[in-house]
Each structure stands twice: as C-alpha cells, then as structure tokens.
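Asks: Here it is: the structure, laid out below.
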Amino acid sequence: MAKKPEQNTAPALDAELADVDEFDAAAGSDDWSGGAPVRKAQHFWPSAKRLIGLMSPYKLGMVAVFALITVYVVLSVVAPRILGKAMDVIFAGYVGSQMPAGAPADVVIEQLRNSGQGSLADMLTRVDFVPGEGINFSLLSQYILIVLSMYFIASLFSWASGWLLNRLVMRVVYKLRQDVETKLNRLPLNYFDTRQRGDLLSRVTNDVDNIQNALQQALSQLVQSIMTVIGIVIMMFVVSWQMALIALVALPLSAAAAGIIGSRAQKLFTAQWKNTGALNGQIEESFSGHELMKVFGREEDMVQRFTDRNEELYKASFGAQFVSGMIMPVMNFISYLAYVGIAVVGGLRVASGAMSLGDATAFIQYSREFTQPLGQIAGVANMLQSGVASAERTFELLDAEEQDPEDASEQLPERADGHVTFENVSFSYTPDKPLIENLSFEADPGHTVAIVGPTGAGKTTLVNLVMRFYELNSGRITLDNVDITKITRADLRSKVGMVLQDAWLFGGTIMENIRYGRLDATDEEVIAAAKATFVDRFVRALPDGYDTVIDEEGTNVSAGEKQLITIARAFVANPSLLILDEATSSVDTRTELLVQQAMAALRSDRTSFVIAHRLSTIRDADTILVMEAGKIVEQGNHAELLKTQGAYYRLYQSQFSGPAEDVDANPATAAIPAATGGIPVVSAPAPEAEDKTE
C-alpha cells in the first residue's frame, strides 16, 4: 500500500497552486485526457453566471421563490425588534416594582439624579415604567404571541421557498442531463477517439450530480442569506445607525477575506474535478482491460498508476477543502471582533440613556444573526466553488464542436440497390498525416467487395467513411448515385447493417439483443435469424433459452457466441448494404464454416463489404481490394489476383504456403521472423492512423 501523502500546509499549497496554473497544459497529455487538448477553463464568475442562467426558463417560478424568501426575511428580521419591546416590558415592570407607588416616573428620575445617581437616572429616561407596578403580563403575552406567530409563519414560507426551488432545480438538472445526452449524440466520432471514456463518464455523471447539489443547497442558502443580510442591515440602522456602522465594518473585511481565500480555493476545486475525471478514466481502463492486464502481468504497474493519480487527486482535494475551510474561521474571527465592539458601545449607550435595554438586546441579536448568514455564505462558498468547477467541465462538453450539420435535400428509396462509388476520396485523421488520397472504386449492386491488407492500411476507415462516422477531406461517396452527404445520417445508416470485429452486447436477454437490429421484428423473425446464423443451436441448450439475460459485458457467453449473436442482429435488420469487419475472427474453424454459409445467404441480393485477414473467408468475393497505406494497390477476384502474383499473392502465400520466395524483392514488404508465421510486414502509416483504422 502506498504511503499516504503528508498534509503539508502553506508551502505545499503554494506549490499545488503553482501546478494548477499549468494544469490545462498538462490536460493535453495522456495523463489527463487520453492525449486530447482541453481548453482552459473559464473563470469563476462567467461560469457561475452561465450556471445561474440555466434557471432563466423558470423566471416565474424564481420570482415566486424570491417572494416567499422576502416574506420569510421580513418576518425574521422584524421579530427581534418586537422581542426587544417585550424585554422593555419586563425591565420596566422590574424597575416599577422597585419604586414607591403613586409618584410620577419623571419625579422619581429627578430624585435619583439629585441623589447623585445620574447614570441610573439617564438609563431610566428610556424606560416606560410606572412606579409601584410590576410586569404587565397582558402586554408581554401579546408581544410573545406575535413573535411566535411571526417565527412560525416565517418557517412555513422558508419551507415553501425551499420546496419550490428544489422542484425548479430538479427540472433544470433534468434538462441539463437531456442536453448532455443530446450533445453526446451530436458529437463526431473523433471526439470520443481522443478522450478517455472514464473522463467523459465523470462529466456526464459526477459533474452533473455536483451541479445539482450546488444548485439545490448552495443556491437556496445563498439567496436566503443575502436577503437576510440586507434585511438585518436595514433593521440595524432603524435601531441605531451608530452601532450599525460598527457592525458594517466587519462586512468589507469578511468579503475581502472570502474573495482572497475563495480565488485560491477555486483553482484547487478545478484541479480536483479534473483529477477525478482522470482517475475515473484509469479505473475504467483497469476494469475493461482486466484480462489483458493479467495476461501481461501488469498488475503492479496499474496499481502504481492508480496510486499516482490517487495521490494527485488527494493533494488537490485536500488543498481545496483546506483552503476553502479557512473561510469560515476567518469570518467568525472578524464577526467576534465586531460583536465585542457592539456589546461595549451598546452597554455605554444604554447606561447613558441613548437607547433602551430592549433595543440594545435586539441589536445584539441582530449582530449575531448578521454573522450567521455571512457564515452560511462562507459555508456554501465551498459547495458553490465545487459546483462551478463541475459546471466548467460540463460546459466544455456542451460547447464542443459538433459533427457537420445534416443536409436532407435528397432521400433514399425504402429499399436501396446498394450501388456504392468512391470518387477521388481523400481523408486523414490529422491534417499533417494523410491516410487515404484520391481513392476511387465502384461496388455494383448485390456484389461482395472484400478488403484486405496489413494492419493500418485503412480498411476499417474505408467502411467508416461509408457510414459517415467521419467526414471526407475531399471527393465524395455515393449510394445509388446519391451523395451520402445529401441525406441524413439516420437515413443512410438505416440501410446499412454492420458487424464489427469487437462484438458488443447490451445488458438484456438474447432475444432483445438480436431484436436490437430491428426493433419491430417479431419473435418468429428473431428466431429465424438466429437459426440462419447458428445462434439457435446453443441458445436452445441454455436453461432460459432466448430469455437468458446477458450481463452488460457479455461475460456469461463465449466470445464466439457473442459474435454469432451480433451477426444474427445484422441478419434480422435485413439491410440493403452489409459491412462485415472481421465478423468471424472470434469463432472456431468449424463454426466459421457454418457462419460462412449463413453469410452467403445474408449477402445475397445486397451489396456487402467484407474486411478480413483470413483470406479463406473471402475467396468467393466478386471483387477483392488490396490496400496498402491508404491506397488500393490491386483489385480483382481471387483467381485474377493470384495470377498477377502481386501483393494479394504474397499475402495468400504467407497464409497457406509459408513465406513467398519473392517477398524480399518487394521494397514495400519485408519478411519478419519465423516466430510470427512469416507474414510479410508492410510499411504502415503513422501510429495515429493505425489506432483509428483497426
């Protein structure tokens, strides 16, 4: 277990803040976002303003919330003044009971002054007492009843405002989640290629949840506290403007302290949530690649990487909490200084008769209530800063560049013929590293086009362009003589069935996974597709048959069975254009022969693109395209390409007859050690292109 980092104070925090200033530059490295550059986060106030702006569609509701809070504040701040009057009634009754009955109050005060008790006489000038009479309990009970009623009604309005605000916030967060989900569906595929899935999941889940907490709790307390401060300040000036000035001295000092400390904390909160996203990405990779990690014995390496990122998150989180936690103690210290000054000045003013004891009591209560909302503001600053940091990350996702807008000027027929043409197509994942240049070919309706070549040649990229997962740099692709950029992506993809090399199943039954290809397919159609692709034979052996529930990772079926289910899914979709990307790579040799028969039936009467490394699976293809470095170097059928004894011939010989004798004669290829089976190595494109194409 890694040693827990020590909780260093100021020097460590200064170093942490210095690191945060360069954090966005580090975000472009693999440590943070999988090699994707991240824009520098917005400052606090613009992000906070945009976050509050999410409430703008509910202006009427917010007006009602402010009205409820206003009533609550008015009742809450007026109640202490009335309670002060009740204190005056008690004090007047006590003083009156100590004086001789029958004498007027002003006479008693004058006698006290003549007897040398001037201070007591001055104090009694502000007391409405009747000599010889005690406490007026009837008046006292009225005051107490009024105060209790005001506090009770204020509590009801406070509850109502909180209930209404929470409903509005939940609607805002609901809409925000919808916006994020919609945005994810509008982002181009290369956005996901250049970012860790764990970081994206953190933005969609953790950050949105944190925004919800900030709006629900911080916003309610913040609005209520600010309005309470305003109300108390007004009442302070009503009671005594001199003492109000003393109390207000603490306000700019508290604001300055909160601003200085808060700005430091905000940077650390931003780092905290970015580190959270990076750590989530690391965890997601560890679980998704768990078997591979075990195979290569990289457990210690993964644990060390997790430990490093966990410590980075710990430092950022501890620094954020430590710095933001300083706000409350500093503000309390300032408020205590003001409280001492108010108590001293208030006592002197009561003794001099400048104010009544009830007013002094009310003012002292105001001073305590004045610091309470200030303390609440300081307390929610922690949560608010964290929420704004999450909002920055969410807004970065919402502001990401979307895929090109769709042009629906043309429409494909319900059943397309499947005539596909590439006309001078050029494409690259990065502008400085071209992959496909001026590529042209034609796939006739109902024909099977096989695409072969070494890893990184651009085979998968070719079919991805047909699906419009990426946009072309130049040239065009047509389907039935219609430019695919002139139709919607949904219309295009509804005509295409695709089976990928990496089989993916959803959490649900086998029946539901097959029906995913066409949601309106009947049970009979699903079972027919399963029989055609030999899924039915192993499903019948399962206890629950087609109702067998597959977990989210598909771990309760074999890799070959998963591939067969995905093939059945494409079969039930009955597409006009079929794309098979190494669809038989995970099945055994016997099953492969059966699947090939199913594929032959599936490919009939429809255009098919088949990507394969096993050349035995594409011998019967009408056209075979041999690709190297993004270019078609040969094309023809199996027999024609063998006769030319070119690149396809060498690939075929390497698989079925050992290394071709003339491999070394081809400058584009070179024999590799026998341990690899003698398969020729073709000059591959840049690593970035390899990652995208295969």
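Starting from 1 in every chain, residues are counted up; chains themselves are A, B, ... following the order of the structure tokens, and ligands are numbered from 1 as listed.
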I'd like the neighbourhood of region 78-82 of chain A as a ChimeraX atom specification, where a residue qualifies if any of its atoms comes within 10 Å (using only C-alpha atoms), though same-chain residues fewer than 6 positions away should be ignored.
Replies: /A:88,143-144,146-151,154,231-232,235-236,238-239,358-366,369
Asks: Could you write those residues out with C-alpha atoms, as a compact mmCIF listing (two decimals), in the first residue's frame?
Replies:
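Full text of selection_35.txt as output:
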```
# COMPACT_ATOMS: atom_id res chain seq x y z
CA ASP A 88 -38.52 46.58 27.70
CA TYR A 143 -45.63 40.57 22.26
CA ILE A 144 -44.59 36.95 22.81
CA ILE A 146 -46.82 37.99 17.98
CA VAL A 147 -43.16 36.91 17.90
CA LEU A 148 -44.03 33.19 17.99
CA SER A 149 -46.58 33.66 15.19
CA MET A 150 -44.06 35.54 13.07
CA TYR A 151 -41.42 32.85 13.50
CA ALA A 154 -41.60 32.57 8.55
CA GLY A 231 -32.93 42.92 5.98
CA ILE A 232 -30.78 42.87 9.12
CA MET A 235 -33.17 46.96 10.91
CA MET A 236 -29.78 47.81 12.43
CA VAL A 238 -33.54 51.63 12.25
CA VAL A 239 -32.48 50.74 15.81
CA GLY A 358 -34.74 46.22 24.61
CA ASP A 359 -33.21 48.00 21.63
CA ALA A 360 -29.74 47.01 22.80
CA THR A 361 -30.86 43.40 23.20
CA ALA A 362 -32.45 43.42 19.75
CA PHE A 363 -29.33 44.95 18.19
CA ILE A 364 -27.08 42.33 19.80
CA GLN A 365 -29.38 39.65 18.41
CA TYR A 366 -29.18 41.34 15.00
CA GLU A 369 -27.93 36.94 13.13
```
Asks: Using only C-alpha atoms, which of the listed residues (A:Ala559, A:Ile342, A:Ala258, A:Leu625) sits closest to Glu442 (chain A)?
Replies: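 Of the candidates, the smallest distance to Glu442 (chain A) is held by A:Leu625.
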Asks: Could you list, as a list in words, every residue within 7 Å of region 282-295 of chain A, counting only C-alpha atoms and ignoring same-chain residues fewer than 4 positions away?
Replies: Gly198, Ala278, Glu299 and Phe306 of chain A
Asks: So that I can check the surroundings of Pro575 (chain A), please list as a list in words every protein, DNA and RNA residue that reaches within 7 Å of it, counting only C-alpha atoms and ignoring chain neighbours fewer than 3 positions away.
Replies: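 Here the answer would be Lys495, Val496, Gly497 and Leu578 of chain A.
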Asks: Which residue out of A:Glu311, A:Glu110, A:Asp491, A:Glu392 has the minimum interatomic distance to Leu51 (chain A) when only C-alpha atoms are used?
Replies: A:Glu392
Asks: Counting only C-alpha atoms, what is within 6 Å of region 424-426 of chain A, bar same-chain residues fewer than 5 positions away, as a PyMOL selection string?
Replies: chain A and resi 436-440+473-476
Asks: Given the choices A:Ser616, A:Ser367, A:Ser558, A:Ser263, which gets closest to Met243 (chain A) if the distance is worked out from only C-alpha atoms?
Replies: A:Ser367
Asks: Considering only C-alpha atoms, state which residue in the set A:Met498, A:Asn464, A:Thr478, A:Leu374 is at the smallest distance from Ile226 (chain A).
Replies: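 When distances to Ile226 (chain A) are compared using only C-alpha atoms, the smallest one comes from A:Leu374.
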Asks: With only C-alpha atoms as the atoms that count, which of A:Val345, A:Ala103, A:Ile484, A:Val108 lies nearest to Leu412 (chain A)?
Replies: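 Looking at the shortest contact to Leu412 (chain A), the residue is A:Ile484.
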Asks: Name the closest residue to Ile510 (chain A) among the candidates A:Ser240, A:Ser356, A:Thr566, A:Thr460; distances are taken between atoms, counting only C-alpha atoms.
Replies: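 Ranking A:Ser240, A:Ser356, A:Thr566, A:Thr460 by distance to Ile510 (chain A), first place goes to A:Thr566.
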Asks: Give the strand (DSSP E or B) residues of region 248-483 of chain A, as assigned by DSSP on the backbone, as a PyMOL selection string.
Replies: chain A and resi 420-427+430+433+436-443+448-452+474-479+482-483
Asks: Among region 449-614 of chain A, which residues does DSSP mark as helix (DSSP H, G or I) when it is run on the backbone? Keep the chain and numbering as in the structure and answer as a ChimeraX atom specification.
Replies: /A:459-466,484-486,489-494,510-515,523-532,536-539,545-547,559-573,589-603
Asks: Tell me, in Å to one decimal, how far CA of Ser97 (chain A) is from CA of Gly132 (chain A).
Replies: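 Interatomic distance here is 4.9 Å.
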Asks: Go ahead and compute the interatomic distance for CA of Ile109 (chain A) and CA of Ala354 (chain A), in Å to one decimal.
Replies: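 Between CA of Ile109 (chain A) and CA of Ala354 (chain A) the gap works out to 15.3 Å.
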Asks: Would you kindly return, as a short mmCIF file (atom, residue, chain, number, x, y, z; two decimals) with all heavy atoms, in the first residue's frame, each protein, DNA or RNA residue with an atom no farther than 12 Å from any atom of Pro252 (chain A), considering only C-alpha atoms and excluding same-chain residues fewer than 5 positions away?
Replies:
```cif
data_model
loop_
_atom_site.label_atom_id
_atom_site.label_comp_id
_atom_site.auth_asym_id
_atom_site.auth_seq_id
_atom_site.Cartn_x
_atom_site.Cartn_y
_atom_site.Cartn_z
N LEU A 245 -22.99 51.14 11.94
CA LEU A 245 -21.72 51.39 11.26
C LEU A 245 -20.61 50.51 11.81
O LEU A 245 -19.74 50.03 11.07
CB LEU A 245 -21.35 52.88 11.40
CG LEU A 245 -22.26 53.87 10.66
CD1 LEU A 245 -21.83 55.30 10.95
CD2 LEU A 245 -22.26 53.59 9.16
N ILE A 246 -20.64 50.31 13.16
CA ILE A 246 -19.62 49.43 13.76
C ILE A 246 -19.78 48.01 13.22
O ILE A 246 -18.79 47.33 12.89
CB ILE A 246 -19.75 49.45 15.29
CG1 ILE A 246 -19.49 50.86 15.83
CG2 ILE A 246 -18.79 48.45 15.93
CD1 ILE A 246 -19.71 51.01 17.32
N ALA A 247 -21.05 47.54 13.14
CA ALA A 247 -21.28 46.19 12.65
C ALA A 247 -20.86 46.03 11.19
O ALA A 247 -20.35 44.98 10.78
CB ALA A 247 -22.76 45.83 12.80
N ALA A 257 -11.70 38.80 2.83
CA ALA A 257 -11.13 37.51 3.23
C ALA A 257 -11.72 36.38 2.38
O ALA A 257 -10.99 35.50 1.90
CB ALA A 257 -11.40 37.26 4.71
N ALA A 258 -13.06 36.41 2.18
CA ALA A 258 -13.69 35.37 1.38
C ALA A 258 -13.22 35.41 -0.07
O ALA A 258 -13.02 34.37 -0.70
CB ALA A 258 -15.21 35.51 1.45
N GLY A 259 -13.03 36.62 -0.62
CA GLY A 259 -12.58 36.74 -2.00
C GLY A 259 -11.17 36.22 -2.20
O GLY A 259 -10.90 35.50 -3.17
N MET A 331 -13.90 34.43 8.93
CA MET A 331 -15.07 35.30 9.03
C MET A 331 -15.64 35.30 10.45
O MET A 331 -16.13 36.33 10.93
CB MET A 331 -16.14 34.84 8.03
CG MET A 331 -15.73 35.04 6.58
SD MET A 331 -17.04 34.64 5.41
CE MET A 331 -18.21 35.94 5.76
N ILE A 334 -13.55 37.70 12.52
CA ILE A 334 -13.89 39.10 12.24
C ILE A 334 -15.23 39.46 12.88
O ILE A 334 -15.39 40.55 13.44
CB ILE A 334 -13.94 39.33 10.71
CG1 ILE A 334 -12.54 39.12 10.10
CG2 ILE A 334 -14.46 40.73 10.38
CD1 ILE A 334 -12.52 39.17 8.59
N SER A 335 -16.20 38.54 12.82
CA SER A 335 -17.52 38.83 13.42
C SER A 335 -17.43 38.93 14.93
O SER A 335 -18.15 39.73 15.55
CB SER A 335 -18.51 37.74 13.01
OG SER A 335 -18.16 36.49 13.60
N LEU A 374 -23.73 35.49 7.03
CA LEU A 374 -22.39 35.65 6.44
C LEU A 374 -21.62 34.35 6.54
O LEU A 374 -20.91 33.96 5.61
CB LEU A 374 -21.63 36.78 7.16
CG LEU A 374 -22.11 38.21 6.89
CD1 LEU A 374 -21.28 39.20 7.69
CD2 LEU A 374 -22.04 38.54 5.41
#
```
Asks: Extract, using only C-alpha atoms, all DNA, RNA and protein residues at most 10 Å from Val633 (chain A), discarding same-chain residues fewer than 3 positions from it, and format them as a PyMOL selection string.
Replies: chain A and resi 453+625-630+646-648
Asks: Using only N, CA and C atoms, please write the residues we just selected to a file, as a PDB file, in the first residue's frame.
Replies:
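Saved to part30.pdb:
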```
ATOM      1  N   GLY A 453      -5.535  -6.391 -46.517  1.00  0.00           N
ATOM      2  CA  GLY A 453      -4.314  -5.601 -46.418  1.00  0.00           C
ATOM      3  C   GLY A 453      -3.758  -5.660 -45.009  1.00  0.00           C
ATOM      4  N   LEU A 625     -10.320  -5.897 -52.905  1.00  0.00           N
ATOM      5  CA  LEU A 625      -9.477  -4.705 -52.907  1.00  0.00           C
ATOM      6  C   LEU A 625      -8.303  -4.942 -51.973  1.00  0.00           C
ATOM      7  N   VAL A 626      -7.107  -4.783 -52.480  1.00  0.00           N
ATOM      8  CA  VAL A 626      -5.901  -4.925 -51.667  1.00  0.00           C
ATOM      9  C   VAL A 626      -5.400  -3.526 -51.351  1.00  0.00           C
ATOM     10  N   MET A 627      -5.341  -3.202 -50.066  1.00  0.00           N
ATOM     11  CA  MET A 627      -4.964  -1.856 -49.641  1.00  0.00           C
ATOM     12  C   MET A 627      -3.615  -1.865 -48.937  1.00  0.00           C
ATOM     13  N   GLU A 628      -2.845  -0.833 -49.228  1.00  0.00           N
ATOM     14  CA  GLU A 628      -1.578  -0.588 -48.532  1.00  0.00           C
ATOM     15  C   GLU A 628      -1.432   0.912 -48.349  1.00  0.00           C
ATOM     16  N   ALA A 629      -1.244   1.345 -47.090  1.00  0.00           N
ATOM     17  CA  ALA A 629      -1.020   2.760 -46.780  1.00  0.00           C
ATOM     18  C   ALA A 629      -2.112   3.659 -47.339  1.00  0.00           C
ATOM     19  N   GLY A 630      -3.371   3.197 -47.228  1.00  0.00           N
ATOM     20  CA  GLY A 630      -4.489   4.026 -47.641  1.00  0.00           C
ATOM     21  C   GLY A 630      -4.760   4.031 -49.134  1.00  0.00           C
ATOM     22  N   GLY A 646       0.989 -10.488 -57.269  1.00  0.00           N
ATOM     23  CA  GLY A 646       1.356  -9.231 -56.635  1.00  0.00           C
ATOM     24  C   GLY A 646       1.176  -9.290 -55.123  1.00  0.00           C
ATOM     25  N   ALA A 647       0.680  -8.193 -54.553  1.00  0.00           N
ATOM     26  CA  ALA A 647       0.546  -8.088 -53.099  1.00  0.00           C
ATOM     27  C   ALA A 647      -0.412  -9.136 -52.550  1.00  0.00           C
ATOM     28  N   TYR A 648      -1.548  -9.347 -53.235  1.00  0.00           N
ATOM     29  CA  TYR A 648      -2.506 -10.346 -52.762  1.00  0.00           C
ATOM     30  C   TYR A 648      -1.886 -11.739 -52.811  1.00  0.00           C
TER      31      TYR A 648
END
```
Asks: To one decimal place, how far is CA of Phe269 (chain A) from CA of Val330 (chain A) in Å?
Replies: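 Between CA of Phe269 (chain A) and CA of Val330 (chain A) the gap works out to 19.8 Å.
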